[in-house]
Structure formats: C-alpha cells, structure tokens
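Colleague: Below you will find the structure I want to go over with you.
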Amino acid sequence: MSETLPCIEAFKKEVNQWVTKNKPAPPTFLMPQSFMEVGTDEQFEYLREWQEKVYNAGYLGMSWPTEYGGGGMPEIYQDVVNKELVAQNTPFMVNTLGLNWAGPLILNMGSDEQKKAYIKKILSTEEIWCQGFSEPDYGSDLGNAQLKAERDGSEFVLNGSKIWTTLATQAQRMILLARTNTNTESKYDGLTFFLAPMNVDGIEAQPIKKLTGEHGFCQTFFNDARISEDCIIGKEGGGWLVAMKTLMFERGAEGGQAGGHTSMPVTVEEVAELSKRVYRDGKPANQDPMVRDELVKLLMRGKAMSLNGARSKIPALISERPTSIAMSVKMLATELSKSIGDQATSLQGSNSLYFVGDDYAVDGGRWQRTYFQAFSGTIGGGTTQIQKNIIGERVLGLPKK
C-alpha cells in the first residue's frame with residue numbers, strides 16, 4: 001500500500017476488481033464449510049495458497065503494525081476487504097486461530113521479540129496455529145486444566161492431552177494452557193500460557209472423525225515433550241488472565257483480528273429461497289402458513305444480528321449496557337447458524353434423510369452438513385450455556401449460583 005491512504009470509495013473499487021480477478025476457481029473436491037472442517041491435505045493447501053495470496057496483495061492484517069508485517073492502516077480499510085471477500089463468496093482464511101486469536105493476543109500481551117517472531121508468519125501462513133485449551137475429562141471447565149508442564153531448568157516438560165485441537169495435524173504452533181503448579185489455593189493460580197511449538201518430540205496429534213465423516217478436530221497427546229521457557233506469554237502462573245484475554249478475541253467481544261472470514265457463510269435469505277424450491281403437499285413450501293411464520297422469525301433474527309453490528313458503534317444506543325452486544329455475539333451467531341441449518345433441513349421433508357454424496361440430496365446435501373457442523377460452533381469457545389451465564393453475570397449483573 002502507498003503511504004498516502006486512498007479514499008474509501010476508490011479503495012472499494014480497487015478491492016472489488018482485485019477479488020474479481022484473483023479469487024480461485026471452485027475446487028474439484030468438497031470444500032470445507034469452516035476452518036473446523038479442514039481434514040485433507042488438498043483442502044488445506046488450497047486454502048493456504050489463497051490466504052497467502054490475499055496477504056501478499058496487502059489485504060490481510062491491514063491494521064496490524066507495519067514493523068511486524070501488517071499494513072499499519074485504519075481498520076476501516078480491512079472492513080472493506082472483509083465485506084468484499086464475503087460478498088464474492090471467496091474461500092475463508094485457513095489460519096483462523098492465528099489471525100483471530102493468537103495474533104491479536106500476541107500483539108496485545110506479547111513481548112517485542114514474540115511479535116517479531118510470530119506475527120508476520122501468522123499472516124503469511126508460514127506458521128499455522130491451533131489451540132490447546134479443552135481436555136477430555138474436563139470439558140468446558142477450562143480453569144481445571146490438568147495437562148502438566150513441569151519446569152526442568154529453562155525448559156518445561158509437558159504430559160497430558162488436549163482435545164478439539166482444530167488443525168493440529170497442520171499446525172506449527174499451539175496456544176496452550178497448562179498447569180505449572182498444583183500447590184495453589186486457587187486452581188486458576190497454577191496455570192501458565194504457552195506459545196508452544198508442535199514439531200517437538202513427544203507431541204502427537206490424532207484426527208477425530210466426526211458425525212459428517214469429515215476430520216478437522218484432533219486429540220493431541222503430550223508425552224515428556226520439552227519446550228523452552230521462552231514460550232511463555234505473560235507470567236508463569238498467570239495463564240488464566242492470558243486465557244481470558246484470548247477468549248475475548250475468540251468470542252468476538254474484543255477487536256484486533258487480522259481480517260478475512262472464518263467460514264463459508266449461510267444466510268437466512270438462502271433458506272427463504274430454498275423454501276420456493278422444495279414442496280409441501282404438492283405446493284412450494286413457502287406457501288405453507290406455518291413455514292412462512294418460521295421463516296419470518298428466522299429473518300428477524302438475521303436482521304437483528306446485522307443491525308447489532310451497526311448499533312454497537314453508537315454509544316447512545318448501548319449506554320445502559322455497553323458490553324451487551326460484544327458479549328453476546330458468539331452465542332447469537334452460532335445459535336442462528338444452527339437454526340438456519342435446522343430450518344433448511346426440515347423444509348426438505350423426507351429428502352432431509354439424504355446426505356452429501358447421495359444422488360437425490362437437495363443442494364448436494366449442503367444443508368444437512370451445515371446443520372451437523374453448526375453444533376461445533378455452539379460448543380467451541382464456551383458452550384451456549386456458559387455464554388448465557390457470562391451474559392447474566394457480567395452484563396445483567398445477576399448473582400452467581
């Protein structure tokens with residue numbers, strides 16, 4: 001980008017022309033619907049090459065500092081790019097964890113050495129990141145993480161496992177919450193946050209086959225794996241604070257992400273269009289009063305979500321509870337996605353039994369796959385139930401039980 005900022009309207013035209021010219025042709029293989037479904041090497045390479053191309057064009061990390069590989073521009077320019085990438089239905093950014101969670105965290109809390117070491121590689125896809133938070137026996141109880149990290153001189157020895165580590169088989173780095181002290185009054189005081197390498201002896205990622213037949217999630221095992229103390233971000237024993245900051249980025253409650261999008265969007269409008277092409281009692285489904293009623297409810301939720309984005313930028317409209325929209329984005333968006341898949345599948349009647357690969361599947365089984373995949377979004381980053389607790393306590397001021 002030039003040192004002189006282009007006017008927004010001219011920039012919109014520039015981005016539109018670049019995306020139109022450079023967006024990749026549709027792949028011959030089944031496209032993942034989000035970064036949580038990347039399960040094959042050809043899917044990964046297709047998406048990695050696209051992210052690299054967007055970054056090399058200057059359209060990713062536009063608001064991140066130039067000294068670390070970003071563009072150093074106002075956020076509004078990245079917003080223009082993001083909107084155009086979605087409008088033209090381009091592939092999502094494969095390094096989602098790096099761009100949206102690890103990168104913003106490092107820029108916010110990392111040392112200058114860590115910023116120089118990791119940020120540009122996140123943008124360029126030289127290093128793919130995964131997340132080591134959840135554990136098999138502790139579910140959403142993140143504060144009870146039990147993966148041990150025992151100090152041995154200037155190194156830590158890791159033992160235990162993490163689960164739902166998306167992209168772990170492709171990742172070079174992991175944001176990892178581990179227990180470095182078991183002798184503390186509070187379980188939260190014994191945790192440390194690491195920017196851990198994946199390519200060391202003793203770390204093994206095993207893919208998990210999901211209901212859809214696809215992979216993407218993994219369980220990652222640590223058996224006497226050694227990492228340097230230089231991998232700590234924040235302070236030893238201060239990992240809970242760093243983890244909470246990370247979750248603010250993950251849930252969309254705090255900005256600073258690099259840009260791009262994380263999934264192939266499905267919209268309420270597409271469900272409304274589908275209702276014209278599937279039939280109930282010999283007529284298009286959208287002529288059924290009950291179907292129309294459900295579609296209107298769904299359209300209202302979708303419209304409210306889009307208006308919330310604009311409303312959150314007007315202080316007078318959120319003065320009573322300033323954090324309400326930011327704290328609820330993750331819950332509302334993931335539940336809406338699940339409802340979209342549910343409604344679209346239900347519209348198909350008996351045809352809803354067909355899936356991807358079946359000859360008679362409506363739209364190639366896209367909606368059934370969308371519905372199944374949507375559940376991961378309502379679990380990752382804190383389940384819907386946990387999100388409701390957070391909103392109740394931190395936004396509404398309700399007492400903890």
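Identifiers in this document derive from the order of the structure tokens: chains are assigned A, B, ..., residues are numbered from 1 separately in each chain, and ligands are numbered from 1 in order of occurrence.
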Hey, could you make a per-residue contact list for range 117-202 of chain A against range 31-47 of chain A with 9 Å as the cut-off, showing the nearest pair of atoms and its distance in Å to one decimal, counting only C-alpha atoms, sorted by chain and number, as a Markdown table?
Modeller:
| residue | atom | partner | partner_atom | distance |
| --- | --- | --- | --- | --- |
| A:Thr166 | CA | A:Met36 | CA | 5.8 |
| A:Leu167 | CA | A:Val38 | CA | 7.0 |
| A:Thr169 | CA | A:Gly39 | CA | 8.8 |
| A:Gln170 | CA | A:Phe44 | CA | 8.1 |
Colleague: Hey, what's within 10 Å of Leu241 in chain A if we count only C-alpha atoms and toss same-chain stuff fewer than 2 positions away? As number ranges by chain, please?
Modeller: A: 188-189, 191-193, 234-235, 237-239, 243-246
Colleague: Output N, CA and C atoms for every residue in that selection, as a JSON list (two decimals), in the first residue's frame.
Modeller:
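In the end it all went to part35.json:
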[["chain", "number", "residue", "atom", "x", "y", "z"],
["A", 188, "TYR", "N", -6.92, -21.52, 39.52],
["A", 188, "TYR", "CA", -6.58, -20.57, 38.46],
["A", 188, "TYR", "C", -5.15, -20.05, 38.59],
["A", 189, "ASP", "N", -4.59, -20.10, 39.80],
["A", 189, "ASP", "CA", -3.25, -19.55, 40.02],
["A", 189, "ASP", "C", -2.13, -20.46, 39.54],
["A", 191, "LEU", "N", -1.86, -21.99, 36.59],
["A", 191, "LEU", "CA", -1.86, -22.18, 35.14],
["A", 191, "LEU", "C", -0.90, -21.21, 34.45],
["A", 192, "THR", "N", -0.28, -21.68, 33.38],
["A", 192, "THR", "CA", 0.63, -20.86, 32.58],
["A", 192, "THR", "C", 0.26, -21.00, 31.11],
["A", 193, "PHE", "N", 0.41, -19.92, 30.37],
["A", 193, "PHE", "CA", 0.02, -19.88, 28.96],
["A", 193, "PHE", "C", 1.29, -19.91, 28.11],
["A", 234, "GLY", "N", 2.98, -13.68, 28.93],
["A", 234, "GLY", "CA", 2.54, -13.26, 30.25],
["A", 234, "GLY", "C", 3.54, -13.75, 31.29],
["A", 235, "LYS", "N", 3.05, -14.11, 32.46],
["A", 235, "LYS", "CA", 3.92, -14.56, 33.54],
["A", 235, "LYS", "C", 3.66, -16.03, 33.87],
["A", 237, "GLY", "N", 2.45, -18.87, 35.88],
["A", 237, "GLY", "CA", 1.39, -18.88, 36.88],
["A", 237, "GLY", "C", 0.29, -17.86, 36.60],
["A", 238, "GLY", "N", 0.49, -17.05, 35.58],
["A", 238, "GLY", "CA", -0.52, -16.04, 35.24],
["A", 238, "GLY", "C", -1.30, -16.38, 33.99],
["A", 239, "GLY", "N", -1.38, -17.67, 33.68],
["A", 239, "GLY", "CA", -2.01, -18.10, 32.44],
["A", 239, "GLY", "C", -3.50, -17.86, 32.34],
["A", 243, "ALA", "N", -5.52, -16.49, 29.19],
["A", 243, "ALA", "CA", -6.58, -17.30, 28.58],
["A", 243, "ALA", "C", -7.87, -16.51, 28.46],
["A", 244, "MET", "N", -8.21, -15.72, 29.48],
["A", 244, "MET", "CA", -9.43, -14.93, 29.44],
["A", 244, "MET", "C", -9.35, -13.85, 28.35],
["A", 245, "LYS", "N", -8.17, -13.30, 28.16],
["A", 245, "LYS", "CA", -7.98, -12.33, 27.08],
["A", 245, "LYS", "C", -8.15, -13.01, 25.74],
["A", 246, "THR", "N", -7.62, -14.21, 25.61],
["A", 246, "THR", "CA", -7.76, -14.97, 24.36],
["A", 246, "THR", "C", -9.22, -15.22, 24.04]]
Colleague: Which residue is closest to Thr66 in chain A? Choose from A:Lys116, A:Asn100, A:Gly381, A:Gly153 and count only C-alpha atoms.
Modeller: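 That would be A:Lys116, the residue with the smallest distance to Thr66 in chain A.
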Colleague: For Leu247 in chain A, which residue among A:Gln88, A:Thr345, A:Asn351, A:Gln387 is the nearest when counting only C-alpha atoms?
Modeller: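 Closest to Leu247 in chain A, using only C-alpha atoms: A:Gln387.
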Colleague: Taking only C-alpha atoms into account, which of A:Val268, A:Leu396, A:Ala310, A:Ala10 comes nearest Val296 in chain A?
Modeller: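 Checking each candidate against Val296 in chain A, we get A:Val268 as the closest.
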Colleague: Would you please work out which residue, of A:Met93, A:Ala316, A:Met305, A:Val200, is nearest to Ser124 in chain A when using only C-alpha atoms?
Modeller: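 Closest residue, counting only C-alpha atoms: A:Met93.
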Colleague: Interatomic distance between CA of Tyr138 in chain A and CA of Thr180 in chain A?
Modeller: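 So the two atoms, CA of Tyr138 in chain A and CA of Thr180 in chain A, lie 17.2 Å apart.
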Colleague: Could you state the separation of CA of Glu113 in chain A and CA of Met174 in chain A in Å, given to one decimal place?
Modeller: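 Straight-line distance from CA of Glu113 in chain A to CA of Met174 in chain A works out to 17.4 Å.
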Colleague: For Gly69 in chain A, work out the shell of residues within 10 Å, counting only C-alpha atoms and skipping chain neighbours fewer than 4 positions away, then give it as a tab-separated table (two decimals) with C-alpha atoms, in the first residue's frame.
Modeller:
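Contents of around02.tsv, as written:
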chain	number	residue	atom	x	y	z
A	55	TYR	CA	-1.74	-11.27	2.31
A	58	GLY	CA	-1.78	-6.29	1.11
A	60	LEU	CA	-4.78	-9.09	5.29
A	61	GLY	CA	-3.57	-7.72	8.60
A	62	MET	CA	-4.08	-4.25	7.21
A	64	TRP	CA	-1.66	-4.59	12.30
A	65	PRO	CA	1.64	-2.69	12.85
A	115	LYS	CA	5.68	-10.12	17.99
A	116	LYS	CA	8.67	-10.14	15.65
A	118	TYR	CA	5.26	-14.81	15.12
A	119	ILE	CA	3.04	-12.10	13.65
A	120	LYS	CA	4.24	-12.00	10.04
A	121	LYS	CA	4.37	-15.79	9.88
A	122	ILE	CA	0.73	-15.93	11.02
A	123	LEU	CA	-0.32	-13.58	8.22
A	124	SER	CA	1.71	-15.32	5.50
